[in-house]
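Participant: The following block contains the structure, expressed as structure tokens.
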Amino acid sequence: MKSDYDLIIIGGGPAGLAAAVGAVENGVHDILIIERERFLGGILNQCIHTGFGLREFGEELTGPEYAQRFEDRVLQAGISCLVDAMVLDVTRDKHVVVISPVHGRLEFTARAIVLAMGCRERTRGALMVAGTRPAGVMTAGTAQRLMNLEGYLPGQNIVILGSGDIGLIMARRFTLEGANVSAVLEVMPYSTGLTRNVVQCLNDYGIPLMLSHTVTSVHGAKRVSGVTVSEVDIGRNPLPGTEQDIACDTLITSVGLIPENELSRRAGVELDLATGGAIVNQRLETSVPGVFACGNVLQVHDLVDNVSEEARHAGANAADLIAGRLAPKQRTIRVIPGRGIRYVVPQYVDVHEADEHTVLSMRPDDVFRQATVEVVADGRDVPLARFRRRHLTPGEMVTVNVDSAVFRTCAQYVSVRVV
Amino acid sequence: MSDMTQQRESLDVVVIGAGVVGCAAARELSRYRLSVVVCEQGAEAGQGGATKANTGIIHAGYDPAPGTLMARMNVRGNALYTGLCQDLGVRLDRSGTLVVALSQEDRPYLDALLARGRVNGVPGLCLVGHDELMKLEPNVHRQADSALFAPTGGAVEPYEVALALAENAARNGVWFLFDRAVSGLEPLDDGWCVHLGTQELRTRFVVNAAGLSAAKISQAAVPEKHFHMHPRLGQYVLLENRPEYDIRHPVFQVPGPTGKGVVVSRTPDGNIIVGPTAEDTDSDRDLATTDAGLRSVLAQAHRSVPTLDERLAITEFCGARAIIDERDDFLIEESAPGFFNAAGIKSPGLTAAPAIAEELVRLMANGGLELVANPAFIPTNEPAILFRDCRTEEQVQMIHENPAFGRIVCRCETVTEGDVVRAIHRPLGARTLDGVKFRTRAGMGRCQGGFCGPRVLEILSRELNVDPLLITKCGPGSEILATRLRPEGDSCA
């Protein structure tokens, strides 16, 4: 196996696969994808429900079907894939250390790297849910893996904490397999998942969604025997007197996703506290030159279609860098989240004459109706760009396509706000 | 095991409880030519309330009142730890501990501890002023006044100590019976009959190291010498470490109006542990954390280390110290011929355990146990080498010899399939998910087993040749899976 590649992509999930496609489309073929599972496709392999691909392919696919379309393109392009292989280290000078049962320890060097490691689920421990620590508490993704890949039902009477998309999907999945889902609890006054998932996974099956509620204690010495749930106030503090006990043998948590940036840290990539992902420019290039990031390792996405689009962009830009086509940097404009916006990616824009449009993606920090997303320069009052949106919710990403002329008229920073 | 339980002849010693005290006693007994059985109601050694959930601090010995068993066992136990950890391949971080006076008013308390420590024979104690404290521990509160420094204090992973002691005892011929609660004790002419449900063990000597159940066991054996116990719950928070609040020495506080004050300490695994609360309770309450308890632990910890970031909490847990009512000391005694209590082993029980084991053996020898050296005794365990701790060339060799070392099962802690398989097949190897976790750290990191849990379950099932539905977190009743969704063998994983 050779040790030098133009491009190494870490992660063979939807982001890694689309990044490879983007690079190939832009003329780079000397690519290695490194995947730790035995199959490409990442988390899509356990997402056997439909709903993927409406934007990307104009049809509704299952997770494995969606992944297969990209895998086919990657394999047709003759891209090298190393599966069942774990990256142990990535350095600033784009040196990658990998171990695999078949190949042992391998070292590679690349001209560019795309980070596409995805994310992990926030746990009960990180939430500090009080109570005992019995068997039967697990994340929605773990339950999904056990049911859809391994063929086991992890419990019969289920309470789900958190209305993230995987939690909603799993509420339906448990119901279809004959388990009883008593309730889905959400600490916020709105669902943090997609509206369509609330409708199709809860409402259609009569599963109650208890908004502004959380689990305040877990019971059971060996296996979960029940949970205490409480209503919360606006500051998410449990309201005394609202406690009720729900008997269950399983508590599923779906309380947020955290980009897996341990390798990025090792490479010296600067991270954004708000996204948990790398700080990037509009090319999705991180603070380490030649290292790009995309997909859920950069920011947690709502739809895989958006991951694919972002990752293809990262791969294409990596190819441009490898081919020496990236325009030299002129000056840098910071992009700052303003009122109503939790974060914006990219965090800065290198002003290039060649750019026509720059995509900004963001999450609102609350629910807004009939809102306008405004781009404002240097703290001035008059917005440089405005985008009308009927409905904004934290569960759904917002992307706006900004005319790059905006950044050229700007001195230091733009902020993005909701009005 | 049938030959052991259908025994005609009497055993020499039955140890009840495989917490750190029971395991230390068993290991101490294995130095001699004796037949010893440890029975434990849990699924593995060291997984009960007190041994599993405590700060892991090896106390110097300035805390207990002079003249108590606690004081003597603490100082002796502390001195034994270096050799013990070397023998067993257990990590001991003998950094020294600090008791921090947050203001000038706290100084008299430090003086009192210093005086008490000197009476107890604690070596090397000294007071350090503000400047020196800041040098020793830059992340302690800037306004802190001074501290008591105890150079012999340190930290271990308590479960690691218990598991290593148990393994060494097993290696030297001690039998362990897990998932077996003692249902009764009956005096015989020349010893005791220990009932374990339908099984019974005949033995000359019994060691009662049953932790919170010690009063019940004692009541069954020697009802006339009744004592009552209750749990003192302690809640803890474990956090990811960050340079802004890294702590090199366990940092204690001076007791204030809000209670005894909590410890902030770095575990040998490199995480930050804070705790405990001290909640006396009378019931057989579950080991449950409470919102109020966790908040109070964090609030108190912030007094000594203000930069702690609770958003980086990994997990929280609750342990129980075994307290004998109206007795501020251990109870180590022969309460009836051949029946020995090691009860009320609260803090500093972990530190004292090796000394308690010596003391028990001394008492048993006085009570007629013949101590003939076991010529086959091996004081060491086979090194528990984990892939992540090896040098590059060793790692290459490990994967070459066994490809399972090239497959990472737990990403957070870099645990390979080879590590898990080894942990299962060691003497007294892992049988549960928690057992694998405590031997390899798989599942102990940020994702708390989200990724590795199903993998470890699969490996346990394969290596132990047990149906996956029967694999547990920590013994019967804690099964992970409910049913099969599809016929066996129809899996795509």
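Every chain in the structure tokens takes a letter, A first, then B, and so on in the order presented; its residues are numbered from 1, and the ligands are numbered from 1 following the presented order.
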Can you check which residues of region 334-454 of chain B DSSP gives as alpha helix (DSSP H) on the backbone and send them as a ChimeraX atom specification?

Facilitator: /B:349-366,392-401,417-425,433-440,452-454

Participant: Using DSSP secondary structure from the backbone, list all strand (DSSP E or B) positions within region 169-342 of chain A, as a VMD selection string.

Facilitator: chain A and resid 180 to 186 209 to 211 213 to 219 223 226 to 232 238 244 to 247 250 to 253 257 to 259 271 278 285 291 to 293 332 to 337 341 to 342

Participant: Asn296 (chain A): which residues within 8 Å, counting only C-alpha atoms, same-chain residues fewer than 2 positions away excluded, as a list of chain:residue names?

Facilitator: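 After dropping sequence-adjacent residues, the list is A:Ala15, A:Ala116, A:Met117, A:Gly118, A:Cys119, A:Pro259, A:Cys294, A:Leu298, A:Gln299, A:Val300, A:His301, A:Val307.
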
Participant: Could you name the residues that touch Gly167 (chain A) at 12 Å or less, counting only C-alpha atoms, but leaving out those on the same chain fewer than 2 positions away, as a ChimeraX atom specification?

Facilitator: /A:121,138-144,158-165,169-174,181,183-186,191-194,197-198,201-202,209,251-257

Participant: For the selection just defined, write its residues with C-alpha atoms to a file, as a compact mmCIF listing (two decimals), in the first residue's frame.

Facilitator:
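What ended up in result-v9.txt:
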```
# COMPACT_ATOMS: atom_id res chain seq x y z
CA GLU A 121 -24.28 11.61 21.20
CA MET A 138 -28.69 4.30 26.56
CA THR A 139 -28.51 6.82 23.77
CA ALA A 140 -30.95 6.65 20.89
CA GLY A 141 -28.13 5.85 18.50
CA THR A 142 -26.97 2.89 20.56
CA ALA A 143 -30.53 1.54 20.68
CA GLN A 144 -30.77 2.07 16.93
CA ILE A 158 -39.57 2.98 26.97
CA VAL A 159 -39.26 6.61 28.00
CA ILE A 160 -37.33 8.87 25.67
CA LEU A 161 -35.56 11.96 26.98
CA GLY A 162 -34.98 14.57 24.32
CA SER A 163 -36.80 15.16 21.07
CA GLY A 164 -33.76 15.14 18.83
CA ASP A 165 -34.34 13.46 15.49
CA ILE A 169 -37.18 8.09 14.90
CA MET A 170 -36.54 5.58 17.68
CA ALA A 171 -39.93 6.28 19.30
CA ARG A 172 -41.54 5.02 16.12
CA ARG A 173 -39.04 2.20 15.69
CA PHE A 174 -39.66 0.85 19.20
CA VAL A 181 -43.20 4.15 24.35
CA ALA A 183 -43.58 9.51 26.41
CA VAL A 184 -40.96 11.67 24.74
CA LEU A 185 -39.77 14.44 27.06
CA GLU A 186 -38.29 17.70 25.84
CA SER A 191 -39.12 20.01 19.70
CA THR A 192 -35.44 20.05 18.82
CA GLY A 193 -36.03 17.68 15.92
CA LEU A 194 -37.51 18.20 12.50
CA ASN A 197 -40.36 13.72 12.41
CA VAL A 198 -42.66 14.94 15.21
CA CYS A 201 -42.97 9.44 14.38
CA LEU A 202 -45.02 10.67 17.36
CA LEU A 209 -44.53 14.68 23.41
CA LEU A 251 -34.52 5.31 29.27
CA ILE A 252 -33.40 6.42 25.83
CA THR A 253 -31.54 9.72 25.59
CA SER A 254 -31.57 11.93 22.52
CA VAL A 255 -30.20 15.11 23.96
CA GLY A 256 -27.80 16.48 21.45
CA LEU A 257 -24.86 15.61 19.28
```

Participant: Show me, as a tab-separated table, the residues of chain A having an atom within 6 Å of chain B, each with the closest atom pair and its distance in Å, using only C-alpha atoms.

Facilitator:
```
residue	atom	partner	partner_atom	distance
A:Ile99	CA	B:Gly406	CA	5.5
A:Ser100	CA	B:Gly406	CA	4.5
A:Pro101	CA	B:Gly406	CA	4.0
A:Gly104	CA	B:Ile399	CA	5.6
A:Arg105	CA	B:Val396	CA	5.9
A:Gly125	CA	B:Thr315	CA	4.0
A:Ala126	CA	B:Ala313	CA	5.1
A:Ala130	CA	B:Thr290	CA	4.9
A:Gly131	CA	B:Ala288	CA	4.2
A:Thr132	CA	B:Ala288	CA	4.1
A:Ala135	CA	B:Ser478	CA	5.2
A:Thr142	CA	B:Gly450	CA	5.7
A:Leu149	CA	B:Ala493	CA	5.1
A:Glu150	CA	B:Ser491	CA	5.3
A:Gly151	CA	B:Leu485	CA	5.2
A:Tyr152	CA	B:Arg484	CA	4.5
A:Leu153	CA	B:Thr483	CA	5.3
A:Pro154	CA	B:Leu481	CA	4.2
A:Gly155	CA	B:Ala482	CA	5.1
A:Lys222	CA	B:Ser478	CA	4.7
A:Arg223	CA	B:Ser478	CA	4.9
```

Participant: For region 318-321 of chain A, list every protein, DNA or RNA residue within 7 Å, evaluated using only C-alpha atoms, and leave out those in the same chain fewer than 6 positions away; present the list as a PyMOL selection string.

Facilitator: chain A and resi 23+26-28+112

Participant: Based on the selection just made, write C-alpha atoms of those residues as a compact mmCIF listing (two decimals), in the first residue's frame.

Facilitator:
```txt
# COMPACT_ATOMS: atom_id res chain seq x y z
CA ALA A 23 -12.71 16.20 -5.13
CA ASN A 26 -12.74 18.79 -9.43
CA GLY A 27 -10.03 16.67 -10.98
CA VAL A 28 -8.28 15.01 -8.03
CA ALA A 112 -4.64 17.96 1.85
```

Participant: Tell me which protein, DNA and RNA residues are within 7 Å of Arg31 (chain B), counting only C-alpha atoms, leaving out same-chain ones fewer than 4 positions away, and put them as a PyMOL selection string.

Facilitator: chain B and resi 373-374+377

Participant: Got a sec: who's within 6 Å of region 78-92 of chain A, counting only C-alpha atoms, leaving out chain neighbours fewer than 6 positions off, as a ChimeraX atom specification?

Facilitator: /A:31-38,98-100,267

Participant: Dump N, CA and C atoms for the selected residues as a PDB file, in the first residue's frame?

Facilitator:
```pdb
ATOM      1  N   ILE A  31      -6.903   9.674  -3.974  1.00  0.00           N
ATOM      2  CA  ILE A  31      -7.604   9.903  -2.703  1.00  0.00           C
ATOM      3  C   ILE A  31      -7.627   8.616  -1.886  1.00  0.00           C
ATOM      4  N   LEU A  32      -7.472   8.757  -0.574  1.00  0.00           N
ATOM      5  CA  LEU A  32      -7.655   7.624   0.340  1.00  0.00           C
ATOM      6  C   LEU A  32      -8.729   8.000   1.363  1.00  0.00           C
ATOM      7  N   ILE A  33      -9.761   7.150   1.471  1.00  0.00           N
ATOM      8  CA  ILE A  33     -10.773   7.314   2.531  1.00  0.00           C
ATOM      9  C   ILE A  33     -10.455   6.302   3.630  1.00  0.00           C
ATOM     10  N   ILE A  34     -10.395   6.778   4.860  1.00  0.00           N
ATOM     11  CA  ILE A  34     -10.136   5.871   5.988  1.00  0.00           C
ATOM     12  C   ILE A  34     -11.397   5.784   6.838  1.00  0.00           C
ATOM     13  N   GLU A  35     -11.895   4.572   7.028  1.00  0.00           N
ATOM     14  CA  GLU A  35     -13.159   4.356   7.742  1.00  0.00           C
ATOM     15  C   GLU A  35     -12.937   3.330   8.856  1.00  0.00           C
ATOM     16  N   ARG A  36     -13.459   3.610  10.055  1.00  0.00           N
ATOM     17  CA  ARG A  36     -13.168   2.688  11.156  1.00  0.00           C
ATOM     18  C   ARG A  36     -14.112   1.495  11.182  1.00  0.00           C
ATOM     19  N   GLU A  37     -15.308   1.628  10.602  1.00  0.00           N
ATOM     20  CA  GLU A  37     -16.205   0.467  10.565  1.00  0.00           C
ATOM     21  C   GLU A  37     -15.803  -0.457   9.420  1.00  0.00           C
ATOM     22  N   ARG A  38     -16.464  -1.618   9.374  1.00  0.00           N
ATOM     23  CA  ARG A  38     -16.114  -2.575   8.334  1.00  0.00           C
ATOM     24  C   ARG A  38     -16.741  -2.211   6.991  1.00  0.00           C
ATOM     25  N   VAL A  98      -2.461   5.292  11.341  1.00  0.00           N
ATOM     26  CA  VAL A  98      -3.662   4.448  11.311  1.00  0.00           C
ATOM     27  C   VAL A  98      -3.312   3.058  11.833  1.00  0.00           C
ATOM     28  N   ILE A  99      -4.254   2.413  12.539  1.00  0.00           N
ATOM     29  CA  ILE A  99      -4.067   0.980  12.788  1.00  0.00           C
ATOM     30  C   ILE A  99      -5.261   0.215  12.240  1.00  0.00           C
ATOM     31  N   SER A 100      -4.958  -1.013  11.843  1.00  0.00           N
ATOM     32  CA  SER A 100      -6.013  -1.881  11.328  1.00  0.00           C
ATOM     33  C   SER A 100      -5.603  -3.319  11.621  1.00  0.00           C
ATOM     34  N   ALA A 267      -4.343  17.696  15.671  1.00  0.00           N
ATOM     35  CA  ALA A 267      -3.725  18.340  14.512  1.00  0.00           C
ATOM     36  C   ALA A 267      -3.529  19.835  14.736  1.00  0.00           C
TER      37      ALA A 267
END
```

Participant: For a test of reading the model, state the distance in Å between CA of Asp329 (chain B) and CA of Gly349 (chain B), rounded to one decimal.

Facilitator: 10.5 Å

Participant: What is the CA of Leu165 (chain B)-CA of Leu29 (chain B) distance in Å, reported with one decimal?

Facilitator: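 The value is 11.4 Å.
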
Participant: When you draw a straight line from CA of Leu98 (chain B) to CA of Thr55 (chain B), how long is it in Å?

Facilitator: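 Separation between CA of Leu98 (chain B) and CA of Thr55 (chain B): 14.3 Å.
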